[in-house]
file upload34.pdb (PDB, C-alpha atoms and all ligand atoms)
ATOM      1  CA  GLY H 483     -75.309 -24.265 -11.788
ATOM      2  CA  SER H 484     -78.709 -24.820 -13.386
ATOM      3  CA  ILE H 485     -77.947 -22.779 -16.518
ATOM      4  CA  ASP H 486     -74.904 -24.934 -17.126
ATOM      5  CA  GLU H 487     -76.933 -28.101 -16.610
ATOM      6  CA  MET H 488     -79.490 -26.819 -19.090
ATOM      7  CA  ARG H 489     -76.743 -26.142 -21.614
ATOM      8  CA  GLU H 490     -75.734 -29.775 -21.295
ATOM      9  CA  ARG H 491     -79.246 -31.024 -22.056
ATOM     10  CA  ILE H 492     -80.146 -28.610 -24.837
ATOM     11  CA  ARG H 493     -77.638 -29.015 -27.585
ATOM     12  CA  PHE H 494     -77.633 -26.130 -30.024
ATOM     13  CA  ARG H 495     -77.305 -26.941 -33.691
ATOM     14  CA  GLY H 496     -73.723 -26.752 -34.833
ATOM     15  CA  THR H 497     -72.293 -27.541 -31.422
ATOM     16  CA  ASN H 498     -70.015 -30.429 -30.635
ATOM     17  CA  ARG H 499     -67.919 -31.709 -27.799
ATOM     18  CA  ARG H 500     -64.317 -30.735 -28.512
ATOM     19  CA  LEU H 501     -60.979 -31.479 -26.878
ATOM     20  CA  PRO H 502     -59.776 -28.514 -24.806
ATOM     21  CA  SER H 503     -57.545 -25.972 -26.514
ATOM     22  CA  CYS H 504     -56.727 -24.459 -23.126
ATOM     23  CA  ILE H 505     -56.064 -26.189 -19.800
ATOM     24  CA  ILE H 506     -55.743 -24.697 -16.326
ATOM     25  CA  ILE H 507     -53.021 -27.054 -15.088
ATOM     26  CA  GLY H 508     -52.821 -25.724 -11.494
ATOM     27  CA  VAL H 509     -51.858 -24.840  -8.891
ATOM     28  CA  ARG H 510     -54.155 -26.473  -6.354
ATOM     29  CA  LYS H 511     -55.553 -23.966  -3.791
ATOM     30  CA  CYS H 512     -54.371 -20.933  -5.737
ATOM     31  CA  GLY H 513     -57.761 -19.973  -7.193
ATOM     32  CA  THR H 514     -58.215 -22.521  -9.989
ATOM     33  CA  ARG H 515     -61.999 -22.780  -9.498
ATOM     34  CA  ALA H 516     -62.485 -18.999  -9.371
ATOM     35  CA  LEU H 517     -60.431 -18.647 -12.531
ATOM     36  CA  LEU H 518     -62.396 -21.274 -14.456
ATOM     37  CA  GLU H 519     -65.773 -19.845 -13.366
ATOM     38  CA  PHE H 520     -64.680 -16.321 -14.253
ATOM     39  CA  MET H 521     -63.356 -17.370 -17.674
ATOM     40  CA  ASN H 522     -66.604 -19.232 -18.317
ATOM     41  CA  MET H 523     -68.486 -15.906 -18.298
ATOM     42  CA  HIS H 524     -66.861 -15.110 -21.636
ATOM     43  CA  PRO H 525     -69.177 -16.072 -24.524
ATOM     44  CA  LYS H 526     -66.261 -17.617 -26.414
ATOM     45  CA  VAL H 527     -65.321 -19.910 -23.520
ATOM     46  CA  GLN H 528     -66.880 -23.254 -22.601
ATOM     47  CA  ALA H 529     -65.600 -24.765 -19.365
ATOM     48  CA  ALA H 530     -65.737 -28.468 -18.501
ATOM     49  CA  HIS H 531     -67.564 -29.390 -15.311
ATOM     50  CA  GLY H 532     -65.636 -30.755 -12.374
ATOM     51  CA  GLU H 533     -62.059 -31.872 -12.662
ATOM     52  CA  VAL H 534     -61.588 -34.460 -15.377
ATOM     53  CA  HIS H 535     -58.202 -35.785 -14.122
ATOM     54  CA  PHE H 536     -57.514 -37.369 -17.483
ATOM     55  CA  PHE H 537     -53.775 -36.895 -17.990
ATOM     56  CA  ASP H 538     -52.735 -37.620 -14.387
ATOM     57  CA  SER H 539     -54.609 -40.846 -13.728
ATOM     58  CA  GLU H 540     -55.526 -44.300 -15.021
ATOM     59  CA  ARG H 541     -58.221 -42.549 -17.064
ATOM     60  CA  TYR H 542     -55.544 -41.718 -19.627
ATOM     61  CA  ALA H 543     -55.821 -45.315 -20.812
ATOM     62  CA  TYR H 544     -59.478 -44.691 -21.768
ATOM     63  CA  GLY H 545     -58.190 -42.596 -24.648
ATOM     64  CA  LEU H 546     -58.870 -39.149 -26.096
ATOM     65  CA  GLU H 547     -62.382 -40.031 -27.233
ATOM     66  CA  TRP H 548     -63.362 -40.661 -23.600
ATOM     67  CA  TYR H 549     -61.801 -37.324 -22.687
ATOM     68  CA  ARG H 550     -63.602 -35.479 -25.496
ATOM     69  CA  LYS H 551     -66.941 -36.808 -24.264
ATOM     70  CA  ARG H 552     -66.313 -35.190 -20.869
ATOM     71  CA  MET H 553     -66.119 -31.789 -22.563
ATOM     72  CA  PRO H 554     -69.046 -29.341 -22.934
ATOM     73  CA  TYR H 555     -70.767 -28.645 -26.258
ATOM     74  CA  SER H 556     -69.204 -25.707 -28.048
ATOM     75  CA  PHE H 557     -69.523 -23.789 -31.295
ATOM     76  CA  PRO H 558     -66.609 -23.723 -33.713
ATOM     77  CA  GLY H 559     -64.297 -20.915 -32.595
ATOM     78  CA  GLN H 560     -65.144 -21.250 -28.932
ATOM     79  CA  VAL H 561     -62.374 -22.154 -26.511
ATOM     80  CA  THR H 562     -62.973 -25.337 -24.514
ATOM     81  CA  VAL H 563     -61.238 -25.127 -21.128
ATOM     82  CA  GLU H 564     -60.606 -27.816 -18.554
ATOM     83  CA  LYS H 565     -58.967 -27.532 -15.128
ATOM     84  CA  SER H 566     -57.338 -30.307 -13.134
ATOM     85  CA  PRO H 567     -54.799 -28.861 -10.684
ATOM     86  CA  ALA H 568     -52.984 -32.168 -10.200
ATOM     87  CA  TYR H 569     -51.650 -31.872 -13.776
ATOM     88  CA  PHE H 570     -49.137 -29.259 -12.618
ATOM     89  CA  ILE H 571     -47.340 -31.615 -10.219
ATOM     90  CA  THR H 572     -47.685 -34.981 -11.968
ATOM     91  CA  ASP H 573     -44.770 -36.487 -13.899
ATOM     92  CA  GLY H 574     -45.457 -37.255 -17.539
ATOM     93  CA  VAL H 575     -48.484 -35.001 -17.884
ATOM     94  CA  PRO H 576     -46.719 -32.337 -20.018
ATOM     95  CA  GLU H 577     -45.733 -34.989 -22.577
ATOM     96  CA  ARG H 578     -49.263 -36.417 -22.645
ATOM     97  CA  VAL H 579     -50.823 -32.977 -23.195
ATOM     98  CA  ARG H 580     -48.336 -32.313 -25.992
ATOM     99  CA  ALA H 581     -49.235 -35.655 -27.581
ATOM    100  CA  MET H 582     -52.889 -34.544 -27.679
ATOM    101  CA  ASN H 583     -52.117 -31.113 -29.150
ATOM    102  CA  ASN H 584     -48.790 -29.318 -29.055
ATOM    103  CA  ALA H 585     -50.627 -25.990 -29.477
ATOM    104  CA  THR H 586     -52.575 -26.408 -26.209
ATOM    105  CA  ARG H 587     -52.515 -23.183 -24.241
ATOM    106  CA  LEU H 588     -51.699 -23.605 -20.566
ATOM    107  CA  ILE H 589     -52.740 -21.459 -17.640
ATOM    108  CA  VAL H 590     -51.113 -21.641 -14.216
ATOM    109  CA  VAL H 591     -52.403 -19.663 -11.249
ATOM    110  CA  VAL H 592     -50.072 -19.188  -8.284
ATOM    111  CA  ARG H 593     -50.015 -17.533  -4.870
ATOM    112  CA  ASP H 594     -47.505 -17.267  -2.051
ATOM    113  CA  PRO H 595     -46.551 -20.918  -1.406
ATOM    114  CA  VAL H 596     -46.816 -20.439   2.368
ATOM    115  CA  ASP H 597     -50.443 -19.271   2.048
ATOM    116  CA  ARG H 598     -51.038 -22.083  -0.417
ATOM    117  CA  ALA H 599     -49.717 -24.685   2.036
ATOM    118  CA  VAL H 600     -51.981 -23.407   4.824
ATOM    119  CA  SER H 601     -54.955 -23.337   2.446
ATOM    120  CA  ASP H 602     -54.200 -26.920   1.377
ATOM    121  CA  TYR H 603     -53.957 -27.993   5.016
ATOM    122  CA  ALA H 604     -57.255 -26.218   5.828
ATOM    123  CA  GLN H 605     -59.025 -28.111   3.023
ATOM    124  CA  ILE H 606     -57.684 -31.525   4.061
ATOM    125  CA  HIS H 607     -58.425 -30.715   7.701
ATOM    126  CA  ALA H 608     -62.048 -29.808   6.913
ATOM    127  CA  ASN H 609     -62.507 -32.996   4.870
ATOM    128  CA  ARG H 610     -61.073 -35.185   7.623
ATOM    129  CA  LEU H 611     -63.141 -33.496  10.324
ATOM    130  CA  ALA H 612     -66.271 -34.057   8.246
ATOM    131  CA  LYS H 613     -65.432 -37.782   8.161
ATOM    132  CA  GLY H 614     -64.691 -37.836  11.900
ATOM    133  CA  LYS H 615     -61.034 -38.674  11.255
ATOM    134  CA  PRO H 616     -58.216 -37.260  13.383
ATOM    135  CA  HIS H 617     -55.848 -34.707  11.916
ATOM    136  CA  ALA H 618     -52.849 -33.029  13.543
ATOM    137  CA  THR H 619     -52.044 -29.322  13.477
ATOM    138  CA  PHE H 620     -50.424 -27.672  10.465
ATOM    139  CA  GLU H 621     -47.250 -27.169  12.490
ATOM    140  CA  ALA H 622     -47.026 -30.893  13.270
ATOM    141  CA  TYR H 623     -46.997 -31.698   9.545
ATOM    142  CA  ALA H 624     -44.913 -28.774   8.320
ATOM    143  CA  VAL H 625     -41.904 -29.052  10.633
ATOM    144  CA  ASN H 626     -40.164 -31.929  12.447
ATOM    145  CA  ASP H 627     -39.186 -32.153  16.148
ATOM    146  CA  TYR H 628     -36.060 -30.079  15.434
ATOM    147  CA  GLY H 629     -38.092 -27.331  13.799
ATOM    148  CA  GLU H 630     -36.814 -28.210  10.316
ATOM    149  CA  VAL H 631     -39.155 -27.974   7.342
ATOM    150  CA  ASN H 632     -40.744 -31.302   6.456
ATOM    151  CA  THR H 633     -39.944 -31.150   2.756
ATOM    152  CA  SER H 634     -41.729 -34.436   2.051
ATOM    153  CA  TYR H 635     -45.113 -33.111   3.267
ATOM    154  CA  LYS H 636     -47.199 -32.858   0.111
ATOM    155  CA  ALA H 637     -48.639 -29.450   0.999
ATOM    156  CA  ILE H 638     -45.033 -28.197   1.155
ATOM    157  CA  ARG H 639     -43.792 -29.977  -1.980
ATOM    158  CA  ILE H 640     -46.512 -28.551  -4.216
ATOM    159  CA  GLY H 641     -45.285 -25.020  -3.417
ATOM    160  CA  VAL H 642     -41.840 -25.579  -4.936
ATOM    161  CA  TYR H 643     -43.274 -24.107  -8.112
ATOM    162  CA  HIS H 644     -40.083 -23.775 -10.138
ATOM    163  CA  ARG H 645     -39.417 -27.510  -9.944
ATOM    164  CA  HIS H 646     -42.853 -28.399 -11.314
ATOM    165  CA  LEU H 647     -42.920 -25.616 -13.884
ATOM    166  CA  GLN H 648     -39.564 -26.720 -15.292
ATOM    167  CA  ARG H 649     -41.073 -30.039 -16.397
ATOM    168  CA  TRP H 650     -43.659 -28.056 -18.397
ATOM    169  CA  LEU H 651     -41.069 -25.675 -19.851
ATOM    170  CA  ASP H 652     -39.061 -28.695 -21.022
ATOM    171  CA  VAL H 653     -42.039 -29.622 -23.205
ATOM    172  CA  PHE H 654     -43.915 -26.378 -24.021
ATOM    173  CA  PRO H 655     -42.616 -22.948 -25.057
ATOM    174  CA  ARG H 656     -43.028 -20.201 -22.464
ATOM    175  CA  THR H 657     -45.229 -18.267 -24.928
ATOM    176  CA  GLN H 658     -47.859 -21.010 -24.727
ATOM    177  CA  MET H 659     -48.114 -20.599 -20.985
ATOM    178  CA  HIS H 660     -49.820 -17.855 -19.011
ATOM    179  CA  VAL H 661     -49.208 -17.312 -15.304
ATOM    180  CA  VAL H 662     -51.973 -15.731 -13.237
ATOM    181  CA  ASP H 663     -51.288 -13.893  -9.996
ATOM    182  CA  GLY H 664     -53.716 -15.574  -7.590
ATOM    183  CA  ASP H 665     -53.512 -12.713  -5.071
ATOM    184  CA  ARG H 666     -54.560 -10.198  -7.733
ATOM    185  CA  LEU H 667     -57.284 -12.578  -8.865
ATOM    186  CA  VAL H 668     -58.726 -12.150  -5.355
ATOM    187  CA  VAL H 669     -58.540  -8.338  -5.123
ATOM    188  CA  ASP H 670     -58.922  -7.340  -8.792
ATOM    189  CA  PRO H 671     -60.308 -10.248 -10.815
ATOM    190  CA  ALA H 672     -61.194  -8.150 -13.871
ATOM    191  CA  SER H 673     -57.566  -7.155 -14.515
ATOM    192  CA  GLU H 674     -56.365 -10.760 -14.442
ATOM    193  CA  LEU H 675     -59.220 -11.778 -16.744
ATOM    194  CA  THR H 676     -58.254  -9.060 -19.233
ATOM    195  CA  ARG H 677     -54.776 -10.557 -19.386
ATOM    196  CA  ILE H 678     -56.245 -13.991 -20.015
ATOM    197  CA  GLU H 679     -58.457 -12.685 -22.816
ATOM    198  CA  ALA H 680     -55.353 -11.215 -24.449
ATOM    199  CA  PHE H 681     -53.442 -14.482 -23.999
ATOM    200  CA  LEU H 682     -56.260 -16.473 -25.626
ATOM    201  CA  GLY H 683     -56.805 -13.901 -28.378
ATOM    202  CA  LEU H 684     -60.358 -13.233 -27.207
ATOM    203  CA  GLU H 685     -62.219  -9.957 -27.428
ATOM    204  CA  PRO H 686     -61.936  -8.178 -24.051
ATOM    205  CA  LEU H 687     -65.485  -8.528 -22.766
ATOM    206  CA  ILE H 688     -65.124  -9.282 -19.067
ATOM    207  CA  HIS H 689     -65.135  -6.053 -17.077
ATOM    208  CA  ALA H 690     -65.138  -4.872 -13.477
ATOM    209  CA  ASP H 691     -68.955  -4.742 -13.481
ATOM    210  CA  ASN H 692     -69.001  -8.531 -13.945
ATOM    211  CA  PHE H 693     -67.786  -8.747 -10.338
ATOM    212  CA  TYR H 694     -69.215  -7.482  -7.086
ATOM    213  CA  PHE H 695     -67.644  -7.697  -3.674
ATOM    214  CA  ASN H 696     -69.606  -9.757  -1.146
ATOM    215  CA  ALA H 697     -68.595  -8.477   2.296
ATOM    216  CA  THR H 698     -69.992 -11.534   4.095
ATOM    217  CA  LYS H 699     -67.954 -13.904   1.949
ATOM    218  CA  GLY H 700     -65.006 -11.541   1.803
ATOM    219  CA  PHE H 701     -64.470 -12.267  -1.892
ATOM    220  CA  PHE H 702     -65.664 -11.107  -5.269
ATOM    221  CA  CYS H 703     -68.630 -12.939  -6.732
ATOM    222  CA  LEU H 704     -69.703 -12.979 -10.357
ATOM    223  CA  ARG H 705     -72.485 -11.288 -12.195
ATOM    224  CA  HIS H 706     -73.523 -12.071 -15.780
ATOM    225  CA  ASP H 707     -76.619 -13.072 -17.737
ATOM    226  CA  ALA H 708     -78.715 -11.555 -14.903
ATOM    227  CA  THR H 709     -77.047 -14.039 -12.545
ATOM    228  CA  GLU H 710     -75.250 -13.156  -9.317
ATOM    229  CA  ARG H 711     -73.279 -15.962  -7.809
ATOM    230  CA  CYS H 712     -70.470 -16.595  -5.326
ATOM    231  CA  LEU H 713     -68.205 -19.629  -5.224
ATOM    232  CA  THR H 714     -69.151 -22.305  -2.686
ATOM    233  CA  ASP H 715     -68.181 -22.112   0.996
ATOM    234  CA  THR H 716     -65.285 -24.483   0.323
ATOM    235  CA  LYS H 717     -63.590 -21.594  -1.526
ATOM    236  CA  GLY H 718     -62.392 -18.823   0.747
ATOM    237  CA  ARG H 719     -62.070 -20.788   3.957
ATOM    238  CA  LYS H 720     -60.874 -19.380   7.255
ATOM    239  CA  HIS H 721     -57.261 -20.363   7.813
ATOM    240  CA  PRO H 722     -55.967 -21.468  11.224
ATOM    241  CA  ALA H 723     -53.501 -19.165  12.991
ATOM    242  CA  ILE H 724     -50.005 -20.615  12.488
ATOM    243  CA  ASN H 725     -47.058 -20.334  14.870
ATOM    244  CA  PRO H 726     -45.011 -17.345  13.544
ATOM    245  CA  ARG H 727     -41.731 -19.236  13.954
ATOM    246  CA  VAL H 728     -43.034 -22.002  11.702
ATOM    247  CA  LEU H 729     -44.218 -19.453   9.156
ATOM    248  CA  GLN H 730     -40.741 -17.866   9.227
ATOM    249  CA  LYS H 731     -39.131 -21.283   8.601
ATOM    250  CA  LEU H 732     -41.349 -21.838   5.598
ATOM    251  CA  GLU H 733     -40.723 -18.374   4.186
ATOM    252  CA  ASP H 734     -36.972 -18.957   4.453
ATOM    253  CA  TYR H 735     -37.343 -22.368   2.845
ATOM    254  CA  TYR H 736     -39.311 -21.075  -0.142
ATOM    255  CA  ARG H 737     -37.381 -17.806  -0.716
ATOM    256  CA  PRO H 738     -34.684 -19.166  -3.093
ATOM    257  CA  PHE H 739     -37.252 -21.310  -4.937
ATOM    258  CA  ASN H 740     -39.530 -18.302  -5.373
ATOM    259  CA  LEU H 741     -36.664 -16.292  -6.908
ATOM    260  CA  LYS H 742     -36.015 -19.100  -9.394
ATOM    261  CA  PHE H 743     -39.706 -19.154 -10.245
ATOM    262  CA  TYR H 744     -39.837 -15.346 -10.824
ATOM    263  CA  GLU H 745     -36.908 -15.730 -13.194
ATOM    264  CA  GLN H 746     -38.568 -18.607 -15.061
ATOM    265  CA  VAL H 747     -41.823 -16.727 -15.641
ATOM    266  CA  GLY H 748     -40.357 -13.229 -15.943
ATOM    267  CA  ARG H 749     -42.589 -11.737 -13.282
ATOM    268  CA  ASP H 750     -41.852 -10.797  -9.670
ATOM    269  CA  PHE H 751     -44.717 -11.783  -7.384
ATOM    270  CA  ASN H 752     -43.221 -10.174  -4.274
ATOM    271  CA  TRP H 753     -44.033 -13.048  -1.951
ATOM    272  CA  ARG H 754     -42.708 -12.780   1.605
TER     273      ARG H 754
HETATM  274  P1  LIG L   1     -58.806 -20.295   0.466
HETATM  275  O1  LIG L   1     -60.024 -21.156   0.610
HETATM  276  O2  LIG L   1     -57.638 -20.816   1.189
HETATM  277  O3  LIG L   1     -59.072 -18.844   0.786
HETATM  278  P2  LIG L   1     -58.788 -23.624  -5.663
HETATM  279  O4  LIG L   1     -60.061 -23.328  -6.375
HETATM  280  O5  LIG L   1     -57.625 -23.789  -6.596
HETATM  281  O6  LIG L   1     -58.936 -24.730  -4.675
HETATM  282  O7  LIG L   1     -58.394 -22.330  -4.829
HETATM  283  C1  LIG L   1     -59.137 -21.927  -3.705
HETATM  284  C2  LIG L   1     -58.750 -20.500  -3.395
HETATM  285  O8  LIG L   1     -59.317 -19.626  -4.375
HETATM  286  C3  LIG L   1     -59.291 -19.966  -2.095
HETATM  287  O9  LIG L   1     -58.383 -20.316  -1.081
HETATM  288  C4  LIG L   1     -59.369 -18.461  -2.341
HETATM  289  O10 LIG L   1     -58.334 -17.749  -1.716
HETATM  290  C5  LIG L   1     -59.178 -18.333  -3.850
HETATM  291  N1  LIG L   1     -60.118 -17.437  -4.502
HETATM  292  C6  LIG L   1     -59.781 -16.539  -5.453
HETATM  293  N2  LIG L   1     -60.831 -15.819  -5.827
HETATM  294  C7  LIG L   1     -61.885 -16.278  -5.116
HETATM  295  C8  LIG L   1     -63.259 -15.900  -5.076
HETATM  296  N3  LIG L   1     -63.727 -14.920  -5.857
HETATM  297  N4  LIG L   1     -64.063 -16.564  -4.223
HETATM  298  C9  LIG L   1     -63.579 -17.540  -3.429
HETATM  299  N5  LIG L   1     -62.281 -17.936  -3.422
HETATM  300  C10 LIG L   1     -61.437 -17.312  -4.265
END
call {"tool": "encode", "arguments": {"input": "upload34.pdb", "output": "structure tokens"}}
result
Amino acid sequence: GSIDEMRERIRFRGTNRRLPSCIIIGVRKCGTRALLEFMNMHPKVQAAHGEVHFFDSERYAYGLEWYRKRMPYSFPGQVTVEKSPAYFITDGVPERVRAMNNATRLIVVVRDPVDRAVSDYAQIHANRLAKGKPHATFEAYAVNDYGEVNTSYKAIRIGVYHRHLQRWLDVFPRTQMHVVDGDRLVVDPASELTRIEAFLGLEPLIHADNFYFNATKGFFCLRHDATERCLTDTKGRKHPAINPRVLQKLEDYYRPFNLKFYEQVGRDFNWR
């Protein structure tokens, strides 16, 4: 947005670019952009633009000083936040984040992995269509000719949350990690933001009146600093209708993994 661009150009006295003390590590298509934009309304939060993809790519070799320069200007005491959803699923990232700062606070947003897989498919499908490239149906990717779940399909693998989370819990204490319910973030964003403020030790300032429901978009949009703004059209896409038998297969596939995940995080998300 233009206010954010202005903030980049006008550097207030006493501000500096600082390494993030909080990172939204994932999960892709679970509401990571909404979460970052909502958190950024808080006066003690400064969010990085875009996705920096530092810890999960060749950019890691550029070093922490390169990373710091990608961060927004902040006052001492403000929380710098970055989000790169690929961190959640990439081997070695937990260790790299710990090497930067073992006190880094981590936020993970999740939703029903079946919905997440369809959302992921819908995004890739839209991108391929825009480039005039062919793309098969969701069903063709998600199950094989015998109707078995294609566990190597990336959109399926990402949803095995407990497997990915375990790599983080091997490196960071559970208390340094906060799990956001992506479905509640959609229907009641203020309540999930209050939990985040508590997790980060911030004054609870974000309230229900910072959100208004946009019936056309079908999602909450944000309101602060006399600004009213919705996320872009790439967030909150229409999903294709999926064959119910394929959906059932996926639900059965994820069920035991979901139970393991609830146990890991100590919260039951009641997915199907
Ligand atoms: P869909 O597009 O499938 O509905 P991410 O930012 O991690 O890619 O996640 C995108 C998802 O954020 C969207 O998936 C949507 O469900 C969710 N979301 C949560 N709150 C939203 C909001 N206020 N506006 C738009 N999308 C929101």
call {"tool": "resolve_selection", "arguments": {"input": "upload34.pdb", "expression": "the PyMOL selection byres (((chain H and resi 587-590) around 8) and not hetatm)", "output": "ChimeraX atom specification"}}
result
/H:503-509,585-586,591-592,658-662,682
call {"tool": "residues_near_ligand", "arguments": {"input": "upload34.pdb", "ligand": "ligand LIG 1 (chain L)", "cutoff": "8 Å", "atoms": "only C-alpha atoms and all ligand atoms", "output": "short mmCIF file (atom, residue, chain, number, x, y, z; two decimals) with C-alpha atoms, in the frame of the given file"}}
result
data_model
loop_
_atom_site.label_atom_id
_atom_site.label_comp_id
_atom_site.auth_asym_id
_atom_site.auth_seq_id
_atom_site.Cartn_x
_atom_site.Cartn_y
_atom_site.Cartn_z
CA GLY H 508 -52.82 -25.72 -11.49
CA VAL H 509 -51.86 -24.84 -8.89
CA ARG H 510 -54.16 -26.47 -6.35
CA LYS H 511 -55.55 -23.97 -3.79
CA CYS H 512 -54.37 -20.93 -5.74
CA GLY H 513 -57.76 -19.97 -7.19
CA THR H 514 -58.22 -22.52 -9.99
CA ARG H 515 -62.00 -22.78 -9.50
CA ALA H 516 -62.48 -19.00 -9.37
CA LEU H 517 -60.43 -18.65 -12.53
CA PRO H 567 -54.80 -28.86 -10.68
CA ASP H 597 -50.44 -19.27 2.05
CA ARG H 598 -51.04 -22.08 -0.42
CA VAL H 600 -51.98 -23.41 4.82
CA SER H 601 -54.96 -23.34 2.45
CA ASP H 602 -54.20 -26.92 1.38
CA ALA H 604 -57.26 -26.22 5.83
CA GLN H 605 -59.02 -28.11 3.02
CA GLY H 664 -53.72 -15.57 -7.59
CA ASP H 665 -53.51 -12.71 -5.07
CA LEU H 667 -57.28 -12.58 -8.86
CA VAL H 668 -58.73 -12.15 -5.36
CA VAL H 669 -58.54 -8.34 -5.12
CA PRO H 671 -60.31 -10.25 -10.82
CA LYS H 699 -67.95 -13.90 1.95
CA GLY H 700 -65.01 -11.54 1.80
CA PHE H 701 -64.47 -12.27 -1.89
CA PHE H 702 -65.66 -11.11 -5.27
CA CYS H 703 -68.63 -12.94 -6.73
CA LEU H 704 -69.70 -12.98 -10.36
CA CYS H 712 -70.47 -16.60 -5.33
CA LEU H 713 -68.20 -19.63 -5.22
CA THR H 714 -69.15 -22.30 -2.69
CA ASP H 715 -68.18 -22.11 1.00
CA THR H 716 -65.28 -24.48 0.32
CA LYS H 717 -63.59 -21.59 -1.53
CA GLY H 718 -62.39 -18.82 0.75
CA ARG H 719 -62.07 -20.79 3.96
CA LYS H 720 -60.87 -19.38 7.26
CA HIS H 721 -57.26 -20.36 7.81
#
call {"tool": "atom_distance", "arguments": {"input": "upload34.pdb", "atom1": "CA of Gly496 in chain H", "atom2": "CA of Ala529 in chain H"}}
result
17.6 Å
call {"tool": "atom_distance", "arguments": {"input": "upload34.pdb", "atom1": "CA of Pro722 in chain H", "atom2": "CA of Tyr643 in chain H"}}
result
23.3 Å
call {"tool": "resolve_selection", "arguments": {"input": "upload34.pdb", "expression": "the PyMOL selection byres (((chain H and resi 689) around 10) and not hetatm)", "output": "ChimeraX atom specification"}}
result
/H:671-673,675-676,686-688,690-693
call {"tool": "atom_distance", "arguments": {"input": "upload34.pdb", "atom1": "CA of Arg610 in chain H", "atom2": "CA of Glu519 in chain H"}}
result
26.4 Å
call {"tool": "resolve_selection", "arguments": {"input": "upload34.pdb", "expression": "the PyMOL selection byres (((chain H and resi 538) around 10) and not hetatm)", "output": "list in words"}}
result
Val534, His535, Phe536, Phe537, Ser539, Glu540, Arg541, Tyr542, Ser566, Pro567, Ala568, Tyr569, Phe570, Ile571, Thr572, Asp573, Gly574, Val575, Pro576 and Arg578 of chain H
call {"tool": "closest_residue", "arguments": {"input": "upload34.pdb", "among": "H:Arg711, H:Arg593, H:His531, H:Arg552", "to": "Trp753 in chain H", "atoms": "all atoms listed in the file"}}
result
H:Arg593
call {"tool": "axis_aligned_box", "arguments": {"input": "upload34.pdb", "around": "range 590-593 of chain H", "padding_each_side": "4 Å", "output": "JSON"}}
result
{"center_x": -51.2, "center_y": -19.6, "center_z": -9.5, "size_x": 10.4, "size_y": 12.1, "size_z": 17.3}
call {"tool": "closest_residue", "arguments": {"input": "upload34.pdb", "among": "H:Leu732, H:Met553, H:Ile606, H:Leu647", "to": "Thr633 in chain H", "atoms": "all atoms listed in the file"}}
result
H:Leu732
call {"tool": "decode", "arguments": {"input": "upload34.pdb", "residues": "range 683-696 of chain H", "atoms": "N, CA and C atoms", "output": "PDB file, in the first residue's frame"}}
result
ATOM      1  N   GLY H 683       3.284 -10.472  23.823  1.00  0.00           N
ATOM      2  CA  GLY H 683       3.410  -9.543  24.947  1.00  0.00           C
ATOM      3  C   GLY H 683       3.097  -8.106  24.567  1.00  0.00           C
ATOM      4  N   LEU H 684       2.173  -7.945  23.607  1.00  0.00           N
ATOM      5  CA  LEU H 684       1.801  -6.604  23.154  1.00  0.00           C
ATOM      6  C   LEU H 684       0.493  -6.192  23.808  1.00  0.00           C
ATOM      7  N   GLU H 685       0.343  -4.891  23.998  1.00  0.00           N
ATOM      8  CA  GLU H 685      -0.903  -4.350  24.515  1.00  0.00           C
ATOM      9  C   GLU H 685      -2.047  -4.758  23.564  1.00  0.00           C
ATOM     10  N   PRO H 686      -3.178  -5.212  24.102  1.00  0.00           N
ATOM     11  CA  PRO H 686      -4.280  -5.589  23.205  1.00  0.00           C
ATOM     12  C   PRO H 686      -4.960  -4.367  22.614  1.00  0.00           C
ATOM     13  N   LEU H 687      -4.626  -4.054  21.389  1.00  0.00           N
ATOM     14  CA  LEU H 687      -5.138  -2.838  20.742  1.00  0.00           C
ATOM     15  C   LEU H 687      -6.024  -3.127  19.543  1.00  0.00           C
ATOM     16  N   ILE H 688      -5.869  -4.298  18.955  1.00  0.00           N
ATOM     17  CA  ILE H 688      -6.660  -4.622  17.763  1.00  0.00           C
ATOM     18  C   ILE H 688      -8.008  -5.171  18.219  1.00  0.00           C
ATOM     19  N   HIS H 689      -9.069  -4.527  17.743  1.00  0.00           N
ATOM     20  CA  HIS H 689     -10.420  -4.881  18.187  1.00  0.00           C
ATOM     21  C   HIS H 689     -11.312  -5.179  16.994  1.00  0.00           C
ATOM     22  N   ALA H 690     -12.520  -5.642  17.316  1.00  0.00           N
ATOM     23  CA  ALA H 690     -13.478  -6.022  16.263  1.00  0.00           C
ATOM     24  C   ALA H 690     -13.752  -4.865  15.302  1.00  0.00           C
ATOM     25  N   ASP H 691     -13.696  -3.619  15.806  1.00  0.00           N
ATOM     26  CA  ASP H 691     -13.995  -2.489  14.911  1.00  0.00           C
ATOM     27  C   ASP H 691     -12.850  -2.190  13.939  1.00  0.00           C
ATOM     28  N   ASN H 692     -11.734  -2.905  14.046  1.00  0.00           N
ATOM     29  CA  ASN H 692     -10.686  -2.810  13.036  1.00  0.00           C
ATOM     30  C   ASN H 692     -10.973  -3.703  11.824  1.00  0.00           C
ATOM     31  N   PHE H 693     -12.124  -4.384  11.857  1.00  0.00           N
ATOM     32  CA  PHE H 693     -12.493  -5.272  10.754  1.00  0.00           C
ATOM     33  C   PHE H 693     -13.923  -4.983  10.338  1.00  0.00           C
ATOM     34  N   TYR H 694     -14.176  -5.042   9.051  1.00  0.00           N
ATOM     35  CA  TYR H 694     -15.569  -4.962   8.597  1.00  0.00           C
ATOM     36  C   TYR H 694     -15.776  -6.016   7.524  1.00  0.00           C
ATOM     37  N   PHE H 695     -16.951  -6.613   7.536  1.00  0.00           N
ATOM     38  CA  PHE H 695     -17.225  -7.679   6.590  1.00  0.00           C
ATOM     39  C   PHE H 695     -17.619  -7.093   5.244  1.00  0.00           C
ATOM     40  N   ASN H 696     -16.941  -7.521   4.183  1.00  0.00           N
ATOM     41  CA  ASN H 696     -17.265  -7.083   2.832  1.00  0.00           C
ATOM     42  C   ASN H 696     -18.024  -8.221   2.152  1.00  0.00           C
TER      43      ASN H 696
END
